[in-house]
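Below: the structure, in structure tokens.
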Amino acid sequence: MLDLPRNAEGGFALPSLRYAHDALDPVVDARTVEIHWGKHTHAYLNNLNAALDKAPEFKAMSLQQILANLDKAPADVKTALTNNGGGVSNHVMYWDVMGPNGGTPSGALLAAIEEAFGDVETFKTKFDEAGVKQFGSGWVNLVIGDDGRLMLEGRLNQDTPLTQGRSIILGNDVWEHAYYLVYQNRRPDYLKSWWDVVDWAHVGKRFDMIKAGQIIL
Ligand code: MN
């Protein structure tokens with residue numbers, strides 16, 4: 001999404017989910033959504049707002065601007081802004097790319113996937129491999145590289161390419177909290193099943209916005 005809503009105190013708020021908590025079941029079950037959205041994602045938001053209260057010069061910025069200017073953040077809040085700013089942006093993206101309607105890539109996004117990876121199945125296989133390979137907690141993301149072609153990248157913890165002004169088209173959360181209740185240690189099974197809840201029509205819209213030069217969460 002383009003920009004986060006604000007709360008009454010001038011901090012950030014979270015958008016509502018576009019779907020019910022059980023809409024992604026059984027791939028991402030209702031209990032996981034309850035905890036991952038209701039607890040983890042909201043904790044990142046609350047911690048980000050608390051850090052911004054200590055850095056008033058950052059409070060008026062968009063989250064995209066904050067992440068692109070972390071090197072200028074006061075030393076005592078830099079780590080909190082890095083972890084929780086990235087935590088919020090990564091999770092806003094994660095909840096945004098999922099939905100119960102699934103589908104398949106089409107239009108300009110399909111053409112870009114085929115150009116970079118050959119076909120959709122090969123792309124999914126490479127994405128899953130990158131997700132399995134990501135050691136510890138982190139993310140696997142599809143982004144547009146410097147050469148204008150799609151590429152995959154792994155990111156540790158809550159690191160995000162938005163710190164380099166680069167938006168994520170589609171990314172999956174490989175922190176254990178994203179899958180442990182249903183898949184336990186079987187991260188490869190989670191990655192494989194996750195494709196069933198990717199809302200490709202919505203991801204296509206994200207791609208079009210990013211291609212048009214917008215920096216989105
Ligand atoms: Mn998470």
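Every chain in the structure tokens has a letter given in the order shown (A, B, ...), and although residue numbers restart at 1 in each chain, ligands are simply numbered from 1 in the order shown.
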
Which polymer residues have any atom within 12 Å of an atom of Phe58 (chain A), counting only C-alpha atoms, with same-chain residues fewer than 3 positions away left out, as a list in words?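 Once the adjacent positions are removed, what remains is Gly10, Gly11, Phe12, Leu48, Asn49, Ala50, Ala51, Leu52, Asp53, Lys54, Ala55, Met61, Ser62, Leu63, Gln64, Gln65, Ile66, Leu67, Ala68, Asn69, Leu70, Asp71, Lys72, Ala73, Pro74, Val77, Lys78, Leu81 and Gly85 of chain A.
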
For the residues in the current selection, export C-alpha atoms as a PDB file, in the first residue's frame.
ATOM      1  CA  GLY A  10       0.072  11.506  14.948  1.00  0.00           C
ATOM      2  CA  GLY A  11       1.726   8.095  15.024  1.00  0.00           C
ATOM      3  CA  PHE A  12       1.078   5.311  12.543  1.00  0.00           C
ATOM      4  CA  LEU A  48       7.683   1.967  16.133  1.00  0.00           C
ATOM      5  CA  ASN A  49       5.350   4.664  17.487  1.00  0.00           C
ATOM      6  CA  ALA A  50       7.152   4.633  20.859  1.00  0.00           C
ATOM      7  CA  ALA A  51      10.496   5.108  19.056  1.00  0.00           C
ATOM      8  CA  LEU A  52       9.068   7.967  16.960  1.00  0.00           C
ATOM      9  CA  ASP A  53       7.950   9.750  20.130  1.00  0.00           C
ATOM     10  CA  LYS A  54      11.670   9.996  20.941  1.00  0.00           C
ATOM     11  CA  ALA A  55      12.585  11.198  17.422  1.00  0.00           C
ATOM     12  CA  MET A  61       7.869  11.419   7.645  1.00  0.00           C
ATOM     13  CA  SER A  62       6.179   8.581   5.781  1.00  0.00           C
ATOM     14  CA  LEU A  63       7.401   5.125   6.807  1.00  0.00           C
ATOM     15  CA  GLN A  64       9.134   4.877   3.418  1.00  0.00           C
ATOM     16  CA  GLN A  65      11.059   8.096   4.181  1.00  0.00           C
ATOM     17  CA  ILE A  66      11.952   6.909   7.684  1.00  0.00           C
ATOM     18  CA  LEU A  67      13.403   3.653   6.336  1.00  0.00           C
ATOM     19  CA  ALA A  68      15.366   5.481   3.643  1.00  0.00           C
ATOM     20  CA  ASN A  69      16.853   7.845   6.262  1.00  0.00           C
ATOM     21  CA  LEU A  70      17.802   5.446   9.065  1.00  0.00           C
ATOM     22  CA  ASP A  71      21.437   6.564   8.834  1.00  0.00           C
ATOM     23  CA  LYS A  72      20.319  10.016  10.051  1.00  0.00           C
ATOM     24  CA  ALA A  73      18.328   8.663  13.022  1.00  0.00           C
ATOM     25  CA  PRO A  74      19.451   9.584  16.551  1.00  0.00           C
ATOM     26  CA  VAL A  77      16.429   5.121  18.573  1.00  0.00           C
ATOM     27  CA  LYS A  78      18.171   3.894  15.426  1.00  0.00           C
ATOM     28  CA  LEU A  81      13.405   2.332  14.151  1.00  0.00           C
ATOM     29  CA  GLY A  85      10.000   0.262  11.047  1.00  0.00           C
TER      30      GLY A  85
END

Residues at most 9 Å from ligand 1, using only C-alpha atoms and all ligand atoms? Could they come as a list in words?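 Based on only C-alpha atoms and all ligand atoms, ligand 1 is surrounded within 9 Å by His36, Trp37, His40, Thr41, Gly87, Asn90, His91, Tyr94, Gly138, Trp139, Gln158, Asn172, Asp173, Val174, Trp175, Glu176, His177 and Ala178 of chain A.
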
Excluding same-chain residues fewer than 2 positions from region 142-151 of chain A, what lies within 10 Å of it counting only C-alpha atoms, as JSON, numbers by chain? {"A": [109, 112, 113, 114, 115, 116, 117, 123, 127, 140, 153, 154, 161, 166, 167, 168, 169, 170, 171, 172, 207, 210, 211]}

Could you go through region 22-211 of chain A and tell me which residues DSSP, when run on the backbone, assigns to alpha helix (DSSP H), listing them as a PyMOL selection string? chain A and resi 30-35+42-53+56-59+63-68+75-97+107-117+120-133+180-183+187-194+200-211

Proximity to Asp3 (chain A) - best of A:Ser89, A:Trp195, A:Gly118, A:Lys133, only C-alpha atoms: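 Distance minimum relative to Asp3 (chain A) lands on A:Ser89.
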